[in-house]
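**Student:** Let me begin by handing over the structure; questions about it come next.
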Amino acid sequence: MRKYVPKDNVQGKAYYTDRFWVSPRVPRSEVENEHFAAVVKALGADVTESYVELGQLVLHIDPTNNFKVMKTLKEECGYTQCSEQSAVDYLARDNEFELFWQLLNVTEAKRIRVVCRLANGAAIESIEPLYKSANFAEREMFDMFGIKVNNHPFLKRILMPDDWEGHPLLKTYPLQGDEFASWYEVDKIFGKEYRDIIGPENRDPAKVDIKDTKRFSRVGYEVPFGAEYSEEEQAIEYSETALVNYNKKESKQLDERR
Amino acid sequence: MQVSNKLTPFFENLNFERDDNTMVINFGPQHPSAHGQLRLVLELDGEQVVKAYPDIGYLHRGIEKMAENMTYNEFLPTTDRLDYIASTSNNYAYSLAVEKLLGIEAPRRAQVIRTMLLELNRIISHLFFVATHALDVGAMSVFLYAFREREFAMDLMEDYCGARLTHSAVRIGGVPLDLPEGWLENAAAFCDKVDYEVKNTYEALLTKNRIWKMRLEDVGVISAEDALSWGCSGVMLRGSGVKWDIRKEEPYELYPELDFDIPTSDRCDSYGRYKLYMEEMRQSTRIIRQLIPMYKETEPQLMAHAPQYISAPKEEIMTQNYALMQHFVLVTQGMRPPKGEVYVPTESPKGELGFYIKSEGEPYAYRLKCRAPSFFHTGLLQKLLVGVYIADVVTIIGTTNIVFGEVDR
């Protein structure tokens, strides 16, 4: 029976799984720090959940008021830099994306992570008017996950080509690329009708094609460079001058010594 | 949205059918001073840039995708290919993020070695910056001198780990090897050499050079507010007068014990940043000099003791059955960190290099996001290049010190 591979997550998976293994969780603690407590207080009811994980404050918010939260964080709490922003694909489990923004307060030397869950197909408001770094970060998020960003000045693919199909960091996208990816160059340069003529791309660097007599030869079946591949065994004639035959007793000196 | 077909192709955000005198040119991706695969679409009015659009992705290899399909240890050599000028910084940033997730700390000797390698890589990267930046601007000989010293630094790296560019010199939980014999003496000699050359060669050639000053002064000016907003870090931020260095502010490794200064500049221009790079090289040699006596006081342990996550020393594996079993599980399946998410920033030579890792308790990371400083510095080009002359474009690309392995990932 063929091994069952779930379609909604085609990423690498552990070969061996222990049913009774319960993975521990990184400890989360209550917000005790004075500065973090002030941040949570300033945001009020916008924060649905807050805790400290490995020294950074994590704030869960509703995706609809992300701009409002960021504005408060920037203008009232001094988080002047958005150092990173991206998403995590939870479509297979919850049909949702988890978006995160990593904010930095330079004067207090504190970092917080704002997290929200965005339903599949929903759009998020751009924070580009507040943090210009979101310009590239949101484009990358759109490129990699297909998450639409409202009011972004120039939402376009950034790393992949403009005419690419599919979003590479989705869990449904295979590591080696899908069918569109494997024929991308052929389709673009020659057209779809040339797929059969050119053939699929071979990405195996160790592949040996025995019929290719220009690059490979078989011992005992050698043919001239580029000639037709042959199944007939060839008699090998080695050069007499290059090889020294030690079996022939021609050396007089050696004979004498023997 | 413009509808494109073969007759009217889609040329980014630029409109070719125009009545004014502006011209659209492609800068790169094969331009020698594009520092890799940067394609800049520039809209020019005469010689002045009206609009700049950095087009990236020519080196996109999907490293974040690969991270989701590899075990944590398998992924480590891949991080070499991010900022390939200073690979150890990437290895270290990744290892630190995973270590934070696992809740382990490297032993003291490993920390000393790591800090030394990090600073050595900072020197390598900064020498590369000076060399290429000067070459772009037109000072050819600086390139040759700086690359000479960079070779010595790479020889030191080669002595340590056997590789010159893709080091993989840091492992999760420590370092793989102890320093070879005579390495510390060579490192000390190298520090003297760098200090001498910085003062007597690079600075003597450049700092007061009239052409250098004309090309760099008041070029690529960015205010502190803008630098923060655009996500700048490292020298780009310090060059705008923001005293922010992660080594000091959010210290990791041995940095809290070390004595070094954070140079800042209020000039906000390329010349100020060049001065910072020079000063940072001096600070790096100062750090390495402090670390040399610290190394001698440490115990010989190199990898952290956490048999659940990190293989025990070879001796234990060969003599104790349980250590062998754990080692076998780690090699065949990979470590399974606890569930949770972590973002760890480090100060790489280019700026803030951080890894966000989301673990679901599996041997594969559920999501890994690499926060690369160069990515945001490339984004900044859209603002920085507007209004400058075409000759200054090269200077500005040089001063951002972007590396495309990191931008495209």
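We name chains A, B, ... following the order of the structure tokens; residues begin at 1 in each chain, and ligands are numbered from 1 as shown.
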Could you pull out the helix (DSSP H, G or I) residues of range 13-101 of chain B, going by DSSP on the backbone, and write them as a ChimeraX atom specification?
**Tutor:** /B:32-34,63-68,72-79,87-101
**Student:** Could you write out that same residue set with N, CA and C atoms as an mmCIF file, in the first residue's frame?
**Tutor:**
```cif
data_model
loop_
_atom_site.group_PDB
_atom_site.id
_atom_site.type_symbol
_atom_site.label_atom_id
_atom_site.label_comp_id
_atom_site.auth_asym_id
_atom_site.auth_seq_id
_atom_site.Cartn_x
_atom_site.Cartn_y
_atom_site.Cartn_z
ATOM 1 N N PRO B 32 28.724 45.593 -11.587
ATOM 2 C CA PRO B 32 29.791 45.214 -10.659
ATOM 3 C C PRO B 32 29.639 45.818 -9.269
ATOM 4 N N SER B 33 29.027 46.988 -9.147
ATOM 5 C CA SER B 33 28.893 47.520 -7.798
ATOM 6 C C SER B 33 27.485 47.324 -7.260
ATOM 7 N N ALA B 34 26.755 46.378 -7.823
ATOM 8 C CA ALA B 34 25.446 46.044 -7.264
ATOM 9 C C ALA B 34 25.579 45.037 -6.126
ATOM 10 N N ILE B 63 15.476 29.466 1.741
ATOM 11 C CA ILE B 63 16.158 28.909 2.903
ATOM 12 C C ILE B 63 15.178 28.688 4.050
ATOM 13 N N GLU B 64 14.176 29.568 4.161
ATOM 14 C CA GLU B 64 13.188 29.385 5.232
ATOM 15 C C GLU B 64 12.349 28.142 4.978
ATOM 16 N N LYS B 65 12.087 27.878 3.721
ATOM 17 C CA LYS B 65 11.352 26.656 3.374
ATOM 18 C C LYS B 65 12.204 25.428 3.699
ATOM 19 N N MET B 66 13.492 25.508 3.367
ATOM 20 C CA MET B 66 14.377 24.377 3.634
ATOM 21 C C MET B 66 14.429 24.086 5.128
ATOM 22 N N ALA B 67 14.367 25.157 5.939
ATOM 23 C CA ALA B 67 14.435 24.973 7.388
ATOM 24 C C ALA B 67 13.256 24.160 7.897
ATOM 25 N N GLU B 68 12.108 24.261 7.201
ATOM 26 C CA GLU B 68 10.934 23.512 7.637
ATOM 27 C C GLU B 68 11.044 22.041 7.263
ATOM 28 N N TYR B 72 17.071 20.331 13.046
ATOM 29 C CA TYR B 72 17.745 21.552 13.485
ATOM 30 C C TYR B 72 19.242 21.508 13.179
ATOM 31 N N ASN B 73 19.865 20.352 13.389
ATOM 32 C CA ASN B 73 21.300 20.279 13.121
ATOM 33 C C ASN B 73 21.610 20.266 11.634
ATOM 34 N N GLU B 74 20.715 19.665 10.853
ATOM 35 C CA GLU B 74 20.927 19.626 9.406
ATOM 36 C C GLU B 74 20.917 21.026 8.810
ATOM 37 N N PHE B 75 20.112 21.891 9.401
ATOM 38 C CA PHE B 75 19.936 23.222 8.820
ATOM 39 C C PHE B 75 21.149 24.120 9.039
ATOM 40 N N LEU B 76 21.946 23.799 10.047
ATOM 41 C CA LEU B 76 23.026 24.720 10.422
ATOM 42 C C LEU B 76 23.964 25.094 9.273
ATOM 43 N N PRO B 77 24.463 24.125 8.474
ATOM 44 C CA PRO B 77 25.345 24.545 7.373
ATOM 45 C C PRO B 77 24.645 25.429 6.345
ATOM 46 N N THR B 78 23.321 25.334 6.252
ATOM 47 C CA THR B 78 22.599 26.182 5.299
ATOM 48 C C THR B 78 22.688 27.646 5.694
ATOM 49 N N THR B 79 22.781 27.909 7.002
ATOM 50 C CA THR B 79 22.841 29.304 7.434
ATOM 51 C C THR B 79 24.131 29.979 6.962
ATOM 52 N N SER B 87 30.139 34.081 7.739
ATOM 53 C CA SER B 87 29.233 32.951 7.980
ATOM 54 C C SER B 87 29.038 32.641 9.449
ATOM 55 N N THR B 88 30.102 32.774 10.230
ATOM 56 C CA THR B 88 29.990 32.369 11.622
ATOM 57 C C THR B 88 28.908 33.159 12.354
ATOM 58 N N SER B 89 28.710 34.405 11.969
ATOM 59 C CA SER B 89 27.659 35.199 12.614
ATOM 60 C C SER B 89 26.290 34.564 12.408
ATOM 61 N N ASN B 90 26.061 34.021 11.205
ATOM 62 C CA ASN B 90 24.772 33.378 10.941
ATOM 63 C C ASN B 90 24.652 32.091 11.729
ATOM 64 N N ASN B 91 25.723 31.286 11.696
ATOM 65 C CA ASN B 91 25.707 30.033 12.461
ATOM 66 C C ASN B 91 25.396 30.334 13.905
ATOM 67 N N TYR B 92 26.041 31.362 14.403
ATOM 68 C CA TYR B 92 25.892 31.688 15.806
ATOM 69 C C TYR B 92 24.478 32.171 16.106
ATOM 70 N N ALA B 93 23.943 33.065 15.268
ATOM 71 C CA ALA B 93 22.595 33.595 15.513
ATOM 72 C C ALA B 93 21.582 32.458 15.539
ATOM 73 N N TYR B 94 21.749 31.520 14.613
ATOM 74 C CA TYR B 94 20.813 30.386 14.559
ATOM 75 C C TYR B 94 20.986 29.494 15.782
ATOM 76 N N SER B 95 22.248 29.179 16.100
ATOM 77 C CA SER B 95 22.497 28.311 17.251
ATOM 78 C C SER B 95 21.958 28.930 18.525
ATOM 79 N N LEU B 96 22.152 30.235 18.662
ATOM 80 C CA LEU B 96 21.691 30.914 19.872
ATOM 81 C C LEU B 96 20.169 30.834 19.985
ATOM 82 N N ALA B 97 19.479 30.993 18.858
ATOM 83 C CA ALA B 97 18.017 30.921 18.888
ATOM 84 C C ALA B 97 17.565 29.525 19.335
ATOM 85 N N VAL B 98 18.203 28.488 18.772
ATOM 86 C CA VAL B 98 17.811 27.130 19.151
ATOM 87 C C VAL B 98 18.175 26.859 20.607
ATOM 88 N N GLU B 99 19.342 27.339 21.024
ATOM 89 C CA GLU B 99 19.752 27.145 22.421
ATOM 90 C C GLU B 99 18.767 27.809 23.382
ATOM 91 N N LYS B 100 18.317 28.982 23.004
ATOM 92 C CA LYS B 100 17.332 29.691 23.835
ATOM 93 C C LYS B 100 16.048 28.873 23.946
ATOM 94 N N LEU B 101 15.673 28.269 22.837
ATOM 95 C CA LEU B 101 14.472 27.436 22.810
ATOM 96 C C LEU B 101 14.658 26.208 23.699
#
```
**Student:** Skip Asp178 in chain A itself and residues of its chain fewer than 4 positions away, then list as a PDB file with N, CA and C atoms, in the first residue's frame all residues within 12 Å of it, counting only C-alpha atoms.
**Tutor:**
```
ATOM      1  N   VAL A  10       2.620  19.151   3.282  1.00  0.00           N
ATOM      2  CA  VAL A  10       3.544  18.255   2.591  1.00  0.00           C
ATOM      3  C   VAL A  10       4.984  18.500   3.031  1.00  0.00           C
ATOM      4  N   TRP A 164       4.491  34.329 -11.031  1.00  0.00           N
ATOM      5  CA  TRP A 164       4.563  33.031 -10.348  1.00  0.00           C
ATOM      6  C   TRP A 164       3.189  32.622  -9.849  1.00  0.00           C
ATOM      7  N   GLU A 165       2.970  31.328  -9.826  1.00  0.00           N
ATOM      8  CA  GLU A 165       1.715  30.803  -9.276  1.00  0.00           C
ATOM      9  C   GLU A 165       2.030  30.075  -7.998  1.00  0.00           C
ATOM     10  N   GLY A 166       1.230  30.304  -6.982  1.00  0.00           N
ATOM     11  CA  GLY A 166       1.428  29.615  -5.713  1.00  0.00           C
ATOM     12  C   GLY A 166       2.289  30.429  -4.779  1.00  0.00           C
ATOM     13  N   HIS A 167       2.201  30.106  -3.517  1.00  0.00           N
ATOM     14  CA  HIS A 167       2.921  30.850  -2.489  1.00  0.00           C
ATOM     15  C   HIS A 167       3.831  29.878  -1.749  1.00  0.00           C
ATOM     16  N   PRO A 168       5.143  30.041  -1.905  1.00  0.00           N
ATOM     17  CA  PRO A 168       6.093  28.983  -1.536  1.00  0.00           C
ATOM     18  C   PRO A 168       6.105  28.574  -0.064  1.00  0.00           C
ATOM     19  N   LEU A 170       3.641  28.247   2.009  1.00  0.00           N
ATOM     20  CA  LEU A 170       2.465  27.523   2.493  1.00  0.00           C
ATOM     21  C   LEU A 170       2.848  26.068   2.725  1.00  0.00           C
ATOM     22  N   THR A 172       1.156  23.596   2.038  1.00  0.00           N
ATOM     23  CA  THR A 172       0.697  22.759   0.925  1.00  0.00           C
ATOM     24  C   THR A 172       1.664  22.792  -0.252  1.00  0.00           C
ATOM     25  N   TYR A 173       2.643  23.685  -0.215  1.00  0.00           N
ATOM     26  CA  TYR A 173       3.575  23.836  -1.330  1.00  0.00           C
ATOM     27  C   TYR A 173       4.775  22.932  -1.102  1.00  0.00           C
ATOM     28  N   PRO A 174       5.053  21.991  -2.021  1.00  0.00           N
ATOM     29  CA  PRO A 174       6.158  21.060  -1.754  1.00  0.00           C
ATOM     30  C   PRO A 174       7.531  21.724  -1.844  1.00  0.00           C
ATOM     31  N   SER A 182       8.170  23.432 -11.896  1.00  0.00           N
ATOM     32  CA  SER A 182       9.124  22.597 -12.630  1.00  0.00           C
ATOM     33  C   SER A 182       9.141  22.934 -14.123  1.00  0.00           C
ATOM     34  N   TRP A 183       8.019  23.475 -14.651  1.00  0.00           N
ATOM     35  CA  TRP A 183       7.987  23.810 -16.074  1.00  0.00           C
ATOM     36  C   TRP A 183       8.088  25.306 -16.312  1.00  0.00           C
ATOM     37  N   TYR A 184       8.409  26.081 -15.281  1.00  0.00           N
ATOM     38  CA  TYR A 184       8.337  27.540 -15.397  1.00  0.00           C
ATOM     39  C   TYR A 184       9.186  28.081 -16.546  1.00  0.00           C
TER      40      TYR A 184
END
```
**Student:** Determine, counting only C-alpha atoms, which protein, DNA and RNA residues have an atom within 7 Å of an atom of Ile147 in chain A; residues of the same chain fewer than 5 positions away are not included. Present the result as number ranges by chain.
**Tutor:** A: 123, 141-142
**Student:** Could you work out which residues of chain A fall inside 9 Å of chain B? Count only C-alpha atoms, and format the result as a ChimeraX atom specification.
**Tutor:** /A:11-16,22-27,53-54,56,80-89,102,106-107,109-110,113,130-137,154,158-161,168-170,175
**Student:** Of the candidates B:Lys296, B:Thr201, B:Cys268, B:Asp392, which one gets nearest to Leu184 in chain B if we count only C-alpha atoms?
**Tutor:**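 Looking at the shortest contact to Leu184 in chain B, the residue is B:Lys296.
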**Student:** Neighbours of Val58 in chain A within 8 Å (only C-alpha atoms; same-chain residues fewer than 6 positions away dropped), as a PyMOL selection string?
**Tutor:** chain A and resi 50-52+112-115
**Student:** How about saving the chosen residues, C-alpha atoms kept, as an mmCIF file, in the first residue's frame?
**Tutor:**
```cif
data_model
loop_
_atom_site.group_PDB
_atom_site.id
_atom_site.type_symbol
_atom_site.label_atom_id
_atom_site.label_comp_id
_atom_site.auth_asym_id
_atom_site.auth_seq_id
_atom_site.Cartn_x
_atom_site.Cartn_y
_atom_site.Cartn_z
ATOM 1 C CA SER A 50 -0.583 38.641 27.206
ATOM 2 C CA TYR A 51 2.355 36.764 28.678
ATOM 3 C CA VAL A 52 6.133 36.834 28.722
ATOM 4 C CA ILE A 112 7.484 42.728 22.187
ATOM 5 C CA ARG A 113 5.774 40.415 19.758
ATOM 6 C CA VAL A 114 2.267 41.224 18.648
ATOM 7 C CA VAL A 115 0.426 38.132 17.459
#
```
**Student:** Could you pull out the strand (DSSP E or B) residues of range 1-219 of chain A from DSSP and send them as a ChimeraX atom specification?
**Tutor:** /A:25,28-29,47-53,56-61,81-90,96-105,110-119,124-125,149-150
**Student:** Go through B:Ala224, B:Ile292, B:Glu158, B:Tyr255 and flag the residue nearest Glu185 in chain B, using only C-alpha atoms for the distances.
**Tutor:**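 Of B:Ala224, B:Ile292, B:Glu158, B:Tyr255, the one nearest Glu185 in chain B, counting only C-alpha atoms, is B:Ile292.
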**Student:** For Lys193 in chain B, find every residue with an atom within 12 Å (counting only C-alpha atoms), except residues of its own chain fewer than 4 positions away, and show them as a PyMOL selection string.
**Tutor:** chain B and resi 123+145-146+148-150+152-153+186-189+197-201+281-282+285
**Student:** Could those residues be written to a file, using N, CA and C atoms, as a CSV table (one decimal), in the first residue's frame?
**Tutor:**
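Done, and the output landed in part_28.csv:
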```
chain,number,residue,atom,x,y,z
B,123,ILE,N,35.6,41.6,11.7
B,123,ILE,CA,36.7,42.2,11.1
B,123,ILE,C,36.7,41.8,9.6
B,145,TYR,N,44.8,46.2,-0.5
B,145,TYR,CA,45.3,46.2,0.8
B,145,TYR,C,44.4,45.5,1.8
B,146,ALA,N,43.1,45.9,1.7
B,146,ALA,CA,42.1,45.3,2.6
B,146,ALA,C,41.9,43.8,2.4
B,148,ARG,N,44.2,41.8,1.4
B,148,ARG,CA,45.4,41.2,1.9
B,148,ARG,C,45.1,40.8,3.4
B,149,GLU,N,44.7,41.8,4.2
B,149,GLU,CA,44.4,41.5,5.6
B,149,GLU,C,43.3,40.5,5.8
B,150,ARG,N,42.3,40.6,4.9
B,150,ARG,CA,41.2,39.7,5.0
B,150,ARG,C,41.6,38.3,4.7
B,152,PHE,N,44.4,37.1,5.7
B,152,PHE,CA,45.0,36.6,6.9
B,152,PHE,C,43.9,36.1,7.9
B,153,ALA,N,42.9,36.9,8.0
B,153,ALA,CA,41.8,36.6,8.8
B,153,ALA,C,41.1,35.3,8.4
B,186,ASN,N,48.7,33.6,16.8
B,186,ASN,CA,48.4,34.1,15.5
B,186,ASN,C,47.3,35.2,15.5
B,187,ALA,N,46.3,34.9,16.3
B,187,ALA,CA,45.2,35.8,16.4
B,187,ALA,C,45.7,37.2,17.0
B,188,ALA,N,46.6,37.1,18.0
B,188,ALA,CA,47.1,38.3,18.6
B,188,ALA,C,47.9,39.1,17.6
B,189,ALA,N,48.8,38.3,16.9
B,189,ALA,CA,49.6,39.0,15.8
B,189,ALA,C,48.7,39.6,14.8
B,197,GLU,N,47.3,48.4,10.2
B,197,GLU,CA,46.9,48.7,8.8
B,197,GLU,C,45.7,49.6,8.8
B,198,VAL,N,44.8,49.5,9.8
B,198,VAL,CA,43.7,50.4,9.8
B,198,VAL,C,44.2,51.9,10.0
B,199,LYS,N,45.1,52.0,10.8
B,199,LYS,CA,45.6,53.4,11.1
B,199,LYS,C,46.5,53.9,10.0
B,200,ASN,N,47.4,53.0,9.5
B,200,ASN,CA,48.5,53.5,8.6
B,200,ASN,C,48.2,53.3,7.2
B,201,THR,N,47.2,52.4,6.8
B,201,THR,CA,46.9,52.2,5.4
B,201,THR,C,45.6,52.7,5.1
B,281,MET,N,36.3,48.1,13.8
B,281,MET,CA,37.4,47.1,13.6
B,281,MET,C,38.4,47.2,14.8
B,282,ARG,N,38.7,48.4,15.3
B,282,ARG,CA,39.5,48.6,16.4
B,282,ARG,C,38.9,48.0,17.7
B,285,THR,N,39.3,44.2,17.6
B,285,THR,CA,40.6,43.7,18.0
B,285,THR,C,40.8,43.8,19.5
```
**Student:** Name the closest residue to Leu99 in chain A among the candidates A:Ile198, A:Ile210, A:Leu59, A:Ala38; distances are taken between atoms, counting only C-alpha atoms.
**Tutor:**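 Of A:Ile198, A:Ile210, A:Leu59, A:Ala38, the one nearest Leu99 in chain A, counting only C-alpha atoms, is A:Leu59.
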**Student:** In Å, with one decimal, what is the gap from CA of Lys51 in chain B to CA of Val386 in chain B?
**Tutor:**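 Those two atoms sit 5.5 Å apart.
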**Student:** Of the candidates A:Lys156, A:Tyr4, A:Ile124, A:Pro200, which one gets nearest to Arg139 in chain A if we count only C-alpha atoms?
**Tutor:**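 Closest to Arg139 in chain A of all the choices is A:Lys156.
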**Student:** If I take CA of His35 in chain A and CA of Thr264 in chain B, how far is one from the other in Å, to one decimal?
**Tutor:** 26.6 Å
**Student:** Could you name the residues that touch Glu232 in chain A at 12 Å or less, counting only C-alpha atoms, but leaving out those on the same chain fewer than 6 positions away, as a PDB file with N, CA and C atoms, in the first residue's frame?
**Tutor:**
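Saved as result.pdb:
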```pdb
ATOM      1  N   ARG A 218      31.034   2.859 -20.892  1.00  0.00           N
ATOM      2  CA  ARG A 218      31.005   1.667 -20.056  1.00  0.00           C
ATOM      3  C   ARG A 218      32.236   0.837 -20.364  1.00  0.00           C
ATOM      4  N   VAL A 219      32.856   0.340 -19.325  1.00  0.00           N
ATOM      5  CA  VAL A 219      34.063  -0.459 -19.513  1.00  0.00           C
ATOM      6  C   VAL A 219      33.676  -1.731 -20.275  1.00  0.00           C
ATOM      7  N   GLY A 220      34.379  -1.987 -21.367  1.00  0.00           N
ATOM      8  CA  GLY A 220      34.093  -3.165 -22.166  1.00  0.00           C
ATOM      9  C   GLY A 220      33.101  -2.905 -23.274  1.00  0.00           C
ATOM     10  N   TYR A 221      32.398  -1.771 -23.234  1.00  0.00           N
ATOM     11  CA  TYR A 221      31.417  -1.442 -24.282  1.00  0.00           C
ATOM     12  C   TYR A 221      31.730  -0.083 -24.889  1.00  0.00           C
ATOM     13  N   GLU A 222      32.977   0.281 -24.943  1.00  0.00           N
ATOM     14  CA  GLU A 222      33.349   1.610 -25.392  1.00  0.00           C
ATOM     15  C   GLU A 222      33.026   1.793 -26.863  1.00  0.00           C
ATOM     16  N   VAL A 223      32.544   2.990 -27.178  1.00  0.00           N
ATOM     17  CA  VAL A 223      32.347   3.388 -28.576  1.00  0.00           C
ATOM     18  C   VAL A 223      32.994   4.758 -28.734  1.00  0.00           C
TER      19      VAL A 223
END
```
**Student:** Find the residues near Met303 in chain B: any atom within 10 Å, counting only C-alpha atoms, skip ones fewer than 6 places away on the same chain, and give them as JSON, numbers by chain.
**Tutor:** {"B": [105, 106, 107, 108, 109, 110, 111, 171, 172, 173, 174, 175, 176, 177, 310, 311, 312, 313]}
**Student:** Deliver the residues from the most recent selection as a file, using N, CA and C atoms, as a compact mmCIF listing (two decimals), in the first residue's frame.
**Tutor:**
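After the write, again-v5.txt holds the following:
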```
# COMPACT_ATOMS: atom_id res chain seq x y z
N GLU B 105 22.92 26.41 27.75
CA GLU B 105 23.95 27.43 27.57
C GLU B 105 25.26 26.73 27.24
N ALA B 106 26.01 27.32 26.34
CA ALA B 106 27.27 26.71 25.94
C ALA B 106 28.28 26.83 27.08
N PRO B 107 29.19 25.85 27.19
CA PRO B 107 30.21 25.95 28.23
C PRO B 107 31.16 27.13 27.98
N ARG B 108 31.87 27.47 29.03
CA ARG B 108 32.66 28.70 29.01
C ARG B 108 33.69 28.75 27.88
N ARG B 109 34.37 27.64 27.67
CA ARG B 109 35.40 27.67 26.62
C ARG B 109 34.76 27.88 25.25
N ALA B 110 33.63 27.23 25.03
CA ALA B 110 32.93 27.42 23.76
C ALA B 110 32.52 28.87 23.60
N GLN B 111 32.11 29.50 24.70
CA GLN B 111 31.70 30.90 24.62
C GLN B 111 32.87 31.79 24.24
N ARG B 171 28.26 25.19 16.65
CA ARG B 171 27.21 24.16 16.66
C ARG B 171 26.18 24.54 17.70
N ILE B 172 25.01 23.92 17.61
CA ILE B 172 24.00 24.14 18.63
C ILE B 172 24.52 23.53 19.92
N GLY B 173 24.74 24.35 20.92
CA GLY B 173 25.24 23.86 22.20
C GLY B 173 26.72 24.06 22.42
N GLY B 174 27.42 24.65 21.48
CA GLY B 174 28.85 24.88 21.71
C GLY B 174 29.60 25.04 20.41
N VAL B 175 30.83 24.57 20.41
CA VAL B 175 31.64 24.58 19.19
C VAL B 175 32.18 23.17 18.96
N PRO B 176 32.44 22.79 17.71
CA PRO B 176 32.87 21.41 17.46
C PRO B 176 34.31 21.13 17.85
N LEU B 177 35.16 22.14 17.80
CA LEU B 177 36.60 21.90 17.96
C LEU B 177 37.20 22.89 18.94
N ILE B 310 21.60 17.18 22.80
CA ILE B 310 22.92 17.27 22.17
C ILE B 310 23.70 16.00 22.50
N SER B 311 24.32 15.42 21.50
CA SER B 311 25.05 14.17 21.70
C SER B 311 26.12 14.34 22.77
N ALA B 312 26.28 13.31 23.57
CA ALA B 312 27.30 13.30 24.61
C ALA B 312 28.68 13.27 23.95
N PRO B 313 29.75 13.56 24.70
CA PRO B 313 31.09 13.45 24.12
C PRO B 313 31.38 12.03 23.61
```
**Student:** Could you tell me how far CA of Gln308 in chain B sits from CA of His327 in chain B, in Å to one decimal place?
**Tutor:** 8.7 Å
